[in-house]
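Peer 1: File run.cif below, mmCIF, C-alpha atoms and all ligand atoms:
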data_model
#
loop_
_atom_site.label_atom_id
_atom_site.label_comp_id
_atom_site.auth_asym_id
_atom_site.auth_seq_id
_atom_site.Cartn_x
_atom_site.Cartn_y
_atom_site.Cartn_z
CA MET A 404 0.00 0.00 0.00
CA ARG A 405 1.45 3.32 -1.00
CA ARG A 406 0.13 6.58 0.21
CA SER A 407 1.56 10.01 0.52
CA LEU A 408 2.76 10.84 3.99
CA ARG A 409 0.43 13.77 4.23
CA ARG A 410 -2.51 11.45 3.94
CA ALA A 411 -0.80 8.84 6.01
CA LEU A 412 -0.17 11.18 8.92
CA PHE A 413 -3.64 12.59 8.62
CA VAL A 414 -5.10 9.12 8.83
CA ILE A 415 -2.84 8.19 11.71
CA MET A 416 -3.39 11.33 13.70
CA SER A 417 -7.11 11.60 13.20
CA SER A 418 -7.90 8.06 14.20
CA ALA A 419 -8.82 7.12 17.71
CA LEU A 420 -6.90 3.86 17.23
CA VAL A 421 -4.34 2.11 19.35
CA GLY A 422 -6.22 -0.79 20.83
CA GLY A 423 -3.62 -1.16 23.52
CA VAL A 424 -4.00 2.34 24.91
CA ALA A 425 -7.59 1.88 25.87
CA GLN A 426 -6.81 -1.29 27.77
CA ALA A 427 -6.36 -1.42 31.49
CA ASN A 428 -2.89 -1.19 32.89
CA ASP A 429 -2.87 -4.64 34.39
CA ASN A 430 -0.80 -6.04 31.56
CA ALA A 431 1.74 -3.22 31.69
CA SER A 432 5.16 -4.77 31.23
CA GLY A 433 7.49 -4.54 34.18
CA LYS A 434 11.07 -3.33 33.94
CA GLY A 435 12.54 -6.81 33.61
CA GLU A 436 10.05 -7.64 30.93
CA MET A 437 10.96 -4.57 28.88
CA LEU A 438 14.58 -5.70 28.75
CA ALA A 439 13.62 -9.29 27.97
CA ASP A 440 11.51 -8.01 25.07
CA ALA A 441 14.30 -5.79 23.78
CA LYS A 442 16.76 -8.69 23.87
CA GLN A 443 14.36 -10.79 21.84
CA TYR A 444 13.89 -8.05 19.20
CA LEU A 445 17.64 -7.46 19.02
CA ALA A 446 18.33 -11.17 18.51
CA LYS A 447 15.79 -11.27 15.68
CA ILE A 448 17.05 -8.13 13.94
CA ALA A 449 20.81 -8.31 14.44
CA GLY A 450 21.71 -11.47 16.37
CA ASP A 451 24.10 -14.05 14.94
CA LYS A 452 21.07 -16.13 13.91
CA GLY A 453 18.82 -13.16 13.17
CA ILE A 454 18.40 -11.09 10.01
CA GLY A 455 21.87 -9.60 10.50
CA PRO A 456 23.20 -7.30 7.78
CA ARG A 457 20.38 -5.19 6.28
CA GLU A 458 21.85 -2.62 3.97
CA ALA A 459 19.69 0.17 2.57
CA ALA A 460 17.26 -0.83 -0.17
CA THR A 461 18.09 -4.55 -0.06
CA ALA A 462 15.79 -7.54 0.50
CA SER A 463 17.05 -7.90 4.07
CA GLU A 464 16.29 -4.25 4.79
CA THR A 465 12.74 -4.87 3.57
CA GLU A 466 12.53 -8.04 5.67
CA THR A 467 13.49 -5.97 8.72
CA ALA A 468 10.91 -3.31 7.86
CA ASN A 469 8.23 -6.00 7.58
CA TYR A 470 9.24 -7.43 10.94
CA ILE A 471 9.09 -4.01 12.64
CA TYR A 472 5.73 -3.35 11.01
CA ASP A 473 4.28 -6.64 12.29
CA VAL A 474 5.65 -6.15 15.81
CA LEU A 475 4.20 -2.64 16.11
CA LEU A 476 0.89 -3.82 14.69
CA SER A 477 0.74 -6.59 17.29
CA PHE A 478 0.69 -3.96 20.07
CA GLY A 479 -2.52 -2.48 18.66
CA TYR A 480 -1.01 0.56 16.96
CA GLN A 481 -2.05 1.70 13.56
CA VAL A 482 1.14 1.35 11.56
CA GLU A 483 2.12 3.16 8.39
CA ARG A 484 4.68 2.10 5.82
CA GLN A 485 6.15 5.17 4.12
CA GLU A 486 8.04 4.19 1.00
CA PHE A 487 10.64 6.29 -0.77
CA THR A 488 13.14 5.73 -3.53
CA VAL A 489 16.88 5.61 -3.14
CA SER A 490 19.25 6.03 -6.06
CA PHE A 491 22.87 5.35 -5.26
CA LYS A 492 24.43 6.84 -8.37
CA LYS A 493 23.23 9.22 -11.03
CA GLY A 494 21.36 7.27 -13.67
CA ALA A 495 21.43 4.05 -11.67
CA GLU A 496 18.28 2.07 -11.10
CA LYS A 497 16.14 3.48 -8.31
CA LYS A 498 15.52 1.23 -5.35
CA THR A 499 12.95 1.35 -2.60
CA SER A 500 13.33 1.77 1.13
CA GLN A 501 10.75 2.65 3.77
CA ASN A 502 10.07 4.20 7.12
CA ILE A 503 7.79 2.35 9.52
CA ILE A 504 5.66 4.70 11.59
CA ALA A 505 3.34 4.09 14.56
CA TYR A 506 1.49 6.69 16.59
CA LYS A 507 0.32 6.86 20.17
CA PRO A 508 -2.01 9.86 20.61
CA GLY A 509 -1.63 12.20 23.58
CA ARG A 510 -3.94 14.69 25.26
CA SER A 511 -2.41 17.89 23.88
CA GLY A 512 -2.67 17.21 20.16
CA LYS A 513 1.11 17.68 20.00
CA SER A 514 3.56 14.83 19.71
CA LEU A 515 7.17 13.89 20.11
CA VAL A 516 9.11 11.77 17.62
CA LEU A 517 11.12 8.81 18.90
CA GLY A 518 13.25 7.53 16.03
CA ALA A 519 15.93 4.96 15.23
CA HIS A 520 17.27 3.77 11.89
CA TYR A 521 17.09 0.03 11.20
CA ASP A 522 19.40 -0.31 8.19
CA SER A 523 23.05 -1.30 8.56
CA ILE A 524 26.19 -0.91 6.47
CA ASN A 525 29.49 -2.67 5.79
CA ALA A 526 28.16 -6.19 5.61
CA LYS A 527 31.35 -6.94 3.69
CA ALA A 528 33.43 -6.10 6.74
CA GLY A 529 31.21 -8.42 8.79
CA SER A 530 28.99 -5.85 10.52
CA HIS A 531 25.62 -7.19 11.68
CA GLY A 532 24.51 -3.74 12.82
CA VAL A 533 24.00 -4.69 16.48
CA ILE A 534 25.06 -1.46 18.14
CA ASP A 535 24.45 0.48 14.92
CA ASN A 536 21.57 0.32 15.11
CA GLY A 537 19.67 -2.87 15.95
CA ALA A 538 19.77 -2.22 19.70
CA SER A 539 18.07 1.17 19.29
CA VAL A 540 15.28 -0.36 17.22
CA ALA A 541 14.90 -3.15 19.79
CA VAL A 542 14.60 -0.57 22.58
CA MET A 543 12.09 1.45 20.57
CA LEU A 544 9.90 -1.64 19.96
CA SER A 545 10.07 -2.64 23.61
CA LEU A 546 9.07 0.88 24.69
CA ALA A 547 6.26 0.92 22.14
CA LYS A 548 4.95 -2.31 23.65
CA HIS A 549 5.21 -0.99 27.19
CA LEU A 550 3.62 2.36 26.36
CA SER A 551 0.75 0.73 24.47
CA THR A 552 -0.54 -0.37 27.87
CA GLN A 553 -0.12 3.03 29.54
CA PRO A 554 -2.71 5.82 29.69
CA LYS A 555 -2.40 8.78 27.35
CA SER A 556 0.40 11.15 28.24
CA GLU A 557 0.32 14.89 27.60
CA ASP A 558 2.01 14.68 24.20
CA GLY A 559 1.58 11.83 21.77
CA ILE A 560 4.49 9.75 20.54
CA VAL A 561 5.36 9.05 16.92
CA PHE A 562 7.59 5.97 16.75
CA ILE A 563 9.62 5.91 13.54
CA ALA A 564 11.99 3.22 12.31
CA PHE A 565 13.95 4.97 9.57
CA GLY A 566 15.22 3.20 6.46
CA ALA A 567 18.39 4.05 4.54
CA GLU A 568 20.08 6.21 7.18
CA GLU A 569 23.53 4.92 6.34
CA VAL A 570 23.37 6.15 2.75
CA GLY A 571 22.54 9.77 3.54
CA LEU A 572 19.72 9.99 6.12
CA ARG A 573 17.29 9.18 3.33
CA GLY A 574 14.42 8.02 5.52
CA SER A 575 14.49 10.87 8.02
CA ARG A 576 14.97 13.48 5.30
CA HIS A 577 12.05 12.03 3.38
CA PHE A 578 9.85 12.05 6.47
CA VAL A 579 10.63 15.67 7.30
CA ASN A 580 10.31 16.81 3.69
CA LYS A 581 6.81 15.40 3.46
CA LEU A 582 5.48 17.19 6.55
CA THR A 583 3.08 20.07 6.11
CA THR A 584 3.79 23.20 8.13
CA GLU A 585 0.87 22.28 10.35
CA GLU A 586 2.25 18.80 10.96
CA GLN A 587 5.69 20.23 11.66
CA GLN A 588 4.24 22.57 14.22
CA SER A 589 2.46 19.70 15.94
CA PHE A 590 5.82 18.11 16.81
CA VAL A 591 7.39 19.27 20.04
CA GLY A 592 10.73 17.58 19.41
CA MET A 593 12.63 14.51 18.28
CA ILE A 594 14.64 11.94 20.25
CA ASN A 595 17.11 10.07 18.06
CA MET A 596 18.61 6.77 19.14
CA ASP A 597 21.70 5.84 17.15
CA THR A 598 24.38 3.57 18.62
CA ILE A 599 22.93 3.70 22.12
CA VAL A 600 24.97 0.69 23.28
CA GLY A 601 28.52 -0.60 22.88
CA GLY A 602 30.59 2.47 23.71
CA ASP A 603 32.19 3.03 27.13
CA LYS A 604 29.96 5.93 28.24
CA LEU A 605 26.41 7.12 27.74
CA TYR A 606 25.74 10.59 26.39
CA ILE A 607 22.83 12.76 25.36
CA HIS A 608 23.56 15.44 22.77
CA SER A 609 21.68 18.38 21.37
CA ALA A 610 22.11 19.85 17.89
CA HIS A 611 25.12 22.11 17.29
CA ASN A 612 25.08 25.85 17.96
CA LYS A 613 26.45 26.26 14.44
CA PRO A 614 23.61 25.53 11.97
CA TYR A 615 23.87 22.26 10.03
CA ASN A 616 24.11 22.09 6.30
CA CYS A 617 20.49 21.12 5.73
CA GLN A 618 20.93 19.68 2.23
CA GLY A 619 17.52 19.13 0.75
CA VAL A 620 15.51 19.89 3.89
CA PRO A 621 13.87 23.31 4.16
CA ASN A 622 16.16 25.25 6.45
CA ASN A 623 14.55 26.51 9.61
CA TYR A 624 17.45 25.35 11.78
CA ARG A 625 17.06 25.42 15.50
CA PHE A 626 19.72 25.11 18.19
CA ASP A 627 17.74 24.24 21.25
CA THR A 628 19.05 22.21 24.18
CA SER A 629 15.75 21.94 26.06
CA LEU A 630 14.89 18.34 25.16
CA ARG A 631 18.46 17.17 25.87
CA ASP A 632 18.43 18.94 29.20
CA GLU A 633 15.05 17.50 30.20
CA LEU A 634 16.29 13.98 29.48
CA LEU A 635 19.48 14.62 31.44
CA LYS A 636 17.36 15.73 34.37
CA VAL A 637 15.36 12.50 34.21
CA SER A 638 18.62 10.56 33.99
CA LYS A 639 19.87 12.25 37.16
CA GLU A 640 16.64 11.40 38.96
CA VAL A 641 16.70 7.77 37.87
CA PHE A 642 20.42 6.93 37.93
CA GLY A 643 22.14 9.68 39.96
CA ASP A 644 25.68 10.13 38.65
CA ASP A 645 25.68 6.74 36.96
CA GLY A 646 23.50 7.65 34.00
CA TYR A 647 23.78 9.76 30.86
CA GLN A 648 26.12 12.73 30.63
CA LEU A 649 27.10 15.65 28.43
CA HIS A 650 30.32 15.10 26.55
CA PRO A 651 32.95 17.68 27.58
CA ASP A 652 34.00 20.57 25.41
CA TYR A 653 36.39 19.57 22.58
CA ALA A 654 37.61 21.28 19.43
CA GLY A 655 34.69 21.35 17.00
CA TYR A 656 32.40 19.74 19.58
CA PRO A 657 31.15 22.19 22.19
CA ALA A 658 29.99 20.37 25.33
CA GLY A 659 26.88 18.30 24.68
CA GLU A 660 26.54 19.27 21.01
CA THR A 661 26.75 16.99 18.00
CA GLY A 662 27.06 17.05 14.22
CA ASN A 663 24.60 16.33 11.44
CA TRP A 664 25.40 12.68 10.66
CA SER A 665 22.30 11.00 11.98
CA ASP A 666 18.52 11.16 11.78
CA HIS A 667 18.14 14.00 14.27
CA ALA A 668 19.62 16.42 11.71
CA PRO A 669 16.60 16.89 9.39
CA PHE A 670 14.43 17.51 12.44
CA ALA A 671 16.80 20.17 13.80
CA CYS A 672 16.79 21.65 10.30
CA ALA A 673 12.99 21.74 10.44
CA GLY A 674 13.17 23.75 13.66
CA MET A 675 12.53 21.12 16.30
CA PRO A 676 14.45 20.62 19.54
CA VAL A 677 16.38 17.34 19.25
CA ALA A 678 18.10 15.00 21.68
CA TYR A 679 20.44 12.23 20.56
CA LEU A 680 21.32 9.24 22.76
CA GLU A 681 24.74 7.76 22.06
CA ALA A 682 27.17 5.32 23.69
CA THR A 683 30.77 6.17 22.90
CA ASN A 684 33.87 7.59 24.59
CA PHE A 685 34.79 11.22 23.99
CA SER A 686 37.86 10.91 26.24
CA ILE A 687 39.62 8.89 23.54
CA VAL A 688 41.91 10.86 21.26
CA GLY A 689 40.79 9.32 17.98
CA LYS A 690 42.06 9.63 14.43
CA ASP A 691 40.71 13.18 14.24
CA GLY A 692 40.73 14.12 17.91
CA ASN A 693 38.10 13.79 20.63
CA ASP A 694 35.06 13.35 18.44
CA GLY A 695 33.32 10.23 19.74
CA TYR A 696 34.21 8.16 16.66
CA SER A 697 36.37 5.91 18.82
CA GLN A 698 33.90 4.16 21.07
CA SER A 699 35.92 2.07 23.49
CA ILE A 700 39.30 1.61 25.11
CA HIS A 701 38.93 -2.19 25.05
CA PRO A 702 42.35 -3.39 23.79
CA LYS A 703 40.76 -5.92 21.44
CA LEU A 704 39.29 -2.98 19.49
CA TRP A 705 42.74 -1.50 18.85
CA SER A 706 45.86 -2.67 17.04
CA CYS A 707 47.61 -1.10 20.04
CA ILE A 708 46.23 1.39 22.56
CA ASN A 709 48.28 3.65 24.81
CA GLU A 710 46.10 3.56 27.90
CA GLU A 711 47.71 6.60 29.47
CA LYS A 712 47.15 8.82 26.48
CA LEU A 713 43.86 7.13 25.57
CA SER A 714 44.99 6.99 21.98
CA ALA A 715 46.74 4.75 19.48
CA CYS A 716 50.30 3.66 20.34
CA ASP A 717 51.11 4.75 16.82
CA ALA A 718 48.55 6.76 14.86
CA LYS A 719 50.09 5.88 11.49
CA SER A 720 49.86 2.14 11.88
CA GLU A 721 46.63 1.99 13.94
CA LYS A 722 43.95 0.08 12.06
CA LYS A 723 41.00 -0.21 14.44
CA TRP A 724 40.78 2.95 16.56
CA GLY A 725 38.39 1.52 19.13
CA GLN A 726 35.52 1.50 16.64
CA ILE A 727 32.69 -1.01 16.71
CA TRP A 728 30.28 0.74 14.36
CA HIS A 729 30.56 -0.21 10.68
CA THR A 730 33.15 -2.91 11.46
CA GLY A 731 33.27 -6.69 11.83
CA ALA A 732 33.21 -6.13 15.61
CA ASP A 733 29.52 -5.18 15.43
CA GLN A 734 28.29 -8.74 16.06
CA LEU A 735 26.29 -9.83 19.08
CA ASN A 736 28.21 -12.89 20.32
CA PHE A 737 31.52 -11.12 19.78
CA LEU A 738 30.39 -8.04 21.72
CA ASN A 739 28.88 -10.12 24.52
CA GLY A 740 32.27 -11.83 24.82
CA LEU A 741 34.12 -8.53 24.84
CA PHE A 742 31.79 -6.79 27.28
CA PRO A 743 29.76 -9.32 29.27
CA GLU A 744 26.31 -7.82 29.96
CA ARG A 745 27.21 -4.33 28.69
CA ILE A 746 24.79 -4.41 25.76
CA ASN A 747 21.93 -5.55 28.00
CA GLN A 748 22.73 -3.09 30.76
CA GLN A 749 22.91 -0.19 28.33
CA MET A 750 19.66 -1.18 26.62
CA ASP A 751 18.13 -1.35 30.08
CA LYS A 752 19.36 2.15 30.92
CA SER A 753 17.76 3.62 27.82
CA LEU A 754 14.52 1.75 28.57
CA GLN A 755 14.45 3.08 32.11
CA LEU A 756 15.34 6.60 31.01
CA LEU A 757 12.74 6.81 28.26
CA SER A 758 9.95 5.02 30.12
CA ALA A 759 10.47 7.44 33.03
CA TYR A 760 10.45 10.34 30.60
CA PHE A 761 7.27 9.26 28.81
CA GLU A 762 5.27 8.27 31.89
ZN ZN B 1 23.76 4.54 12.85
#
Can you dump the structure from the file as structure tokens?
Ligand SMILES: [Zn+2]
Peer 2:
Amino acid sequence: MRRSLRRALFVIMSSALVGGVAQANDNASGKGEMLADAKQYLAKIAGDKGIGPREAATASETETANYIYDVLLSFGYQVERQEFTVSFKKGAEKKTSQNIIAYKPGRSGKSLVLGAHYDSINAKAGSHGVIDNGASVAVMLSLAKHLSTQPKSEDGIVFIAFGAEEVGLRGSRHFVNKLTTEEQQSFVGMINMDTIVGGDKLYIHSAHNKPYNCQGVPNNYRFDTSLRDELLKVSKEVFGDDGYQLHPDYAGYPAGETGNWSDHAPFACAGMPVAYLEATNFSIVGKDGNDGYSQSIHPKLWSCINEEKLSACDAKSEKKWGQIWHTGADQLNFLNGLFPERINQQMDKSLQLLSAYFE
């Protein structure tokens, strides 16, 4: 079924829908159950025996989209498939990808977007897209299940699994480009989950004080830290000092601010406050400085790490730079061996943070 987003959103937002919302709370999932659900979704999407690699506009990306669609539908949401075309080179055959969208209405008529891309990249290198970005999708699905049993909150929630992020934020740009001004104004903000597990530390970023290059998205750029700061406040309440943090101030990366390489960017360009959850390690002096590209000091993720300097023993010969994303290290059994329980604990943190925020 193909429909324009304008109609799709209209249909979604004007329907009473969401069977689950009207139900009593007695089947609300407990905290342990939320994590158990997320683990199950992660295993299906990115586990060693799951779908695994799912590059943009391939059959396995579509298979993942179908899976996400079915799971969201099973919670009683009305679910929309928003297709768009992706062309990789000029003149090359156009291929199809899709966003999967579910909506939980709120009381205010406004809503907040919770988004995560489900495609992966570098299958050739052996990446299964566990941390980037299967875990975020798993957390989003688990939250969607949990929240389907909760009463309406003030603002509604639009859950979006974005396709084709890794080839130029195609899904999120398409979504934002199709919004009417009225729809845009009904969104109070966007929380992006990209690589929320795997790295040594947990951060929440806002957009950058220097406007992004908004290529192809109408530019109404907004630097607004309010959503980030609200989430950090919830983190403090829930976890004390053991939760999410702002990354410190580094060259090119003012404290707590991030660049335009993920799905939050089109939303910031459209003028919405954004918050971006990420697990990495800004203390590491990576290939290009302290930029969060190097995610961990685990020695197995380096050719050789100088643990005092938190950098490569020799920058010229370093091959791995502490990166998990887009590499053969992004596999579930391997990561569970490297960091026993880290993936689960970090998924659990995001579940606790976001369920506290939305309740
Ligand atoms: Zn990603």
Peer 1: To one decimal place in Å, what is the distance between atom CA of Asp666 of chain A and atom CA of Ala538 of chain A?
Peer 2: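 Interatomic distance here is 15.6 Å.
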Peer 1: Kindly work out which residues sit at most 6 Å from ligand ZN 1 (chain B), using all atoms listed in the file, and give the list as a PyMOL selection string.
Peer 2: chain A and resi 535-536+597-598
Peer 1: Under the rule that all atoms listed in the file are counted, which of A:Gly559, A:Pro702, A:Pro651, A:Gly646 is the nearest residue to Ser753 of chain A?
Peer 2: A:Gly646
Peer 1: Considering all atoms listed in the file, state which residue in the set A:Glu496, A:Glu466, A:Glu660, A:Asp717 is at the smallest distance from Thr628 of chain A.
Peer 2: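 Selected residue with least distance to Thr628 of chain A: A:Glu660.
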Peer 1: Could you check the closest approach to Ser609 of chain A for each of A:Asp644, A:Glu436, A:Glu681, A:Asp694 and tell me which residue wins, using only C-alpha atoms?
Peer 2: A:Glu681
Peer 1: For a quick check of your reading of the model, name the residues lying within 8 Å of the coordinate (25.6, 13.3, 27.3), counting only C-alpha atoms, and write them as a list in words.
Peer 2: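 Checking each residue against the 8 Å limit leaves Leu605, Tyr606, Ile607, His608, Leu635, Tyr647, Gln648, Leu649, His650, Gly659, Leu680 and Glu681 of chain A.
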Peer 1: Pull C-alpha atoms from the residues just selected and write them as a tab-separated table (two decimals), in the coordinates of the input.
Peer 2:
chain	number	residue	atom	x	y	z
A	605	LEU	CA	26.41	7.12	27.74
A	606	TYR	CA	25.74	10.59	26.39
A	607	ILE	CA	22.83	12.76	25.36
A	608	HIS	CA	23.56	15.44	22.77
A	635	LEU	CA	19.48	14.62	31.44
A	647	TYR	CA	23.78	9.76	30.86
A	648	GLN	CA	26.12	12.73	30.63
A	649	LEU	CA	27.10	15.65	28.43
A	650	HIS	CA	30.32	15.10	26.55
A	659	GLY	CA	26.88	18.30	24.68
A	680	LEU	CA	21.32	9.24	22.76
A	681	GLU	CA	24.74	7.76	22.06
Peer 1: Show which residues sit within 9 Å of Gly435 of chain A, as a PyMOL selection string. Count all atoms listed in the file, and ignore same-chain residues fewer than 4 positions away.
Peer 2: chain A and resi 439-440+751
Peer 1: Could you dump the residues just selected with C-alpha atoms as a short mmCIF file (atom, residue, chain, number, x, y, z; two decimals), in the frame of the given file?
Peer 2:
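Output (again02.cif):
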data_model
loop_
_atom_site.label_atom_id
_atom_site.label_comp_id
_atom_site.auth_asym_id
_atom_site.auth_seq_id
_atom_site.Cartn_x
_atom_site.Cartn_y
_atom_site.Cartn_z
CA ALA A 439 13.62 -9.29 27.97
CA ASP A 440 11.51 -8.01 25.07
CA ASP A 751 18.13 -1.35 30.08
#
Peer 1: Could you tell me which of A:Asp733, A:Glu633, A:Asp522, A:Asp652 comes closest to Leu757 of chain A if we count only C-alpha atoms?
Peer 2: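 Selected residue with least distance to Leu757 of chain A: A:Glu633.
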Peer 1: Excluding Ala668 of chain A and residues on its chain fewer than 3 positions from it, collect all residues at most 10 Å away from it, counting all atoms listed in the file, and give them as a PyMOL selection string.
Peer 2: chain A and resi 572+575-576+593+595+610-611+614-617+620+624+661-665+671-675+677+679
Peer 1: Given 3 Å of margin on each side, can you work out the centre and size in Å (one decimal) of an axis-aligned box holding every listed atom of segment 627-640 of chain A, as lines of an AutoDock Vina configuration file?
Peer 2:
center_x = 17.4
center_y = 17.4
center_z = 30.1
size_x = 11.0
size_y = 19.7
size_z = 23.7
Peer 1: I'd like the contact shell of segment 453-459 of chain A - 7 Å cut-off, all atoms listed in the file, skipping same-chain residues fewer than 5 positions apart - returned as a compact mmCIF listing (two decimals) with C-alpha atoms, in the frame of the given file.
Peer 2:
# COMPACT_ATOMS: atom_id res chain seq x y z
CA ALA A 446 18.33 -11.17 18.51
CA LYS A 447 15.79 -11.27 15.68
CA ILE A 448 17.05 -8.13 13.94
CA GLU A 464 16.29 -4.25 4.79
CA SER A 500 13.33 1.77 1.13
CA ASP A 522 19.40 -0.31 8.19
CA SER A 523 23.05 -1.30 8.56
CA ILE A 524 26.19 -0.91 6.47
CA ALA A 526 28.16 -6.19 5.61
CA SER A 530 28.99 -5.85 10.52
CA HIS A 531 25.62 -7.19 11.68
CA GLY A 532 24.51 -3.74 12.82
CA GLY A 566 15.22 3.20 6.46
CA ALA A 567 18.39 4.05 4.54
Peer 1: Ranking A:Ser539, A:Asn623, A:Gln755, A:Thr583 by minimum distance to Ile563 of chain A and counting all atoms listed in the file, which one comes first?
Peer 2: A:Ser539
Peer 1: Which is closer to Val561 of chain A than all the others in A:His520, A:Lys527, A:Lys613, A:Lys507, using all atoms listed in the file?
Peer 2: A:Lys507
Peer 1: Please, what distance in Å, to one decimal, runs between atom CA of Cys707 of chain A and atom CA of Ser686 of chain A?
Peer 2: 16.7 Å
Peer 1: What does the distance from atom CA of Leu475 of chain A to atom CA of Gln588 of chain A come to in Å, to one decimal?
Peer 2: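 Pair atom CA of Leu475 of chain A / atom CA of Gln588 of chain A returns 25.3 Å.
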Peer 1: Hey, what's within 9 Å of Asn684 of chain A if we count only C-alpha atoms and toss same-chain stuff fewer than 2 positions away? As a PyMOL selection string, please?
Peer 2: chain A and resi 602-606+650+682+686-687+693-700
Peer 1: Pick out the residues sitting within 9 Å of Glu721 of chain A, and hand them over as a CSV table (one decimal) with C-alpha atoms, in the frame of the given file; count all atoms listed in the file, and ignore anything fewer than 3 positions along from it in its own chain.
Peer 2:
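out_21.csv, freshly written:
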chain,number,residue,atom,x,y,z
A,690,LYS,CA,42.1,9.6,14.4
A,705,TRP,CA,42.7,-1.5,18.8
A,706,SER,CA,45.9,-2.7,17.0
A,707,CYS,CA,47.6,-1.1,20.0
A,708,ILE,CA,46.2,1.4,22.6
A,715,ALA,CA,46.7,4.8,19.5
A,716,CYS,CA,50.3,3.7,20.3
A,717,ASP,CA,51.1,4.8,16.8
A,718,ALA,CA,48.6,6.8,14.9
A,724,TRP,CA,40.8,3.0,16.6
Peer 1: Residues around (5.9, -5.5, 21.1), cut-off 12 Å, counting only C-alpha atoms - what are they as a ChimeraX atom specification?
Peer 2: /A:423,431-432,436-444,470-480,505,540-552
Peer 1: Go ahead and write the residues just picked, C-alpha atoms, as a compact mmCIF listing (two decimals), in the coordinates of the input.
Peer 2:
# COMPACT_ATOMS: atom_id res chain seq x y z
CA GLY A 423 -3.62 -1.16 23.52
CA ALA A 431 1.74 -3.22 31.69
CA SER A 432 5.16 -4.77 31.23
CA GLU A 436 10.05 -7.64 30.93
CA MET A 437 10.96 -4.57 28.88
CA LEU A 438 14.58 -5.70 28.75
CA ALA A 439 13.62 -9.29 27.97
CA ASP A 440 11.51 -8.01 25.07
CA ALA A 441 14.30 -5.79 23.78
CA LYS A 442 16.76 -8.69 23.87
CA GLN A 443 14.36 -10.79 21.84
CA TYR A 444 13.89 -8.05 19.20
CA TYR A 470 9.24 -7.43 10.94
CA ILE A 471 9.09 -4.01 12.64
CA TYR A 472 5.73 -3.35 11.01
CA ASP A 473 4.28 -6.64 12.29
CA VAL A 474 5.65 -6.15 15.81
CA LEU A 475 4.20 -2.64 16.11
CA LEU A 476 0.89 -3.82 14.69
CA SER A 477 0.74 -6.59 17.29
CA PHE A 478 0.69 -3.96 20.07
CA GLY A 479 -2.52 -2.48 18.66
CA TYR A 480 -1.01 0.56 16.96
CA ALA A 505 3.34 4.09 14.56
CA VAL A 540 15.28 -0.36 17.22
CA ALA A 541 14.90 -3.15 19.79
CA VAL A 542 14.60 -0.57 22.58
CA MET A 543 12.09 1.45 20.57
CA LEU A 544 9.90 -1.64 19.96
CA SER A 545 10.07 -2.64 23.61
CA LEU A 546 9.07 0.88 24.69
CA ALA A 547 6.26 0.92 22.14
CA LYS A 548 4.95 -2.31 23.65
CA HIS A 549 5.21 -0.99 27.19
CA LEU A 550 3.62 2.36 26.36
CA SER A 551 0.75 0.73 24.47
CA THR A 552 -0.54 -0.37 27.87
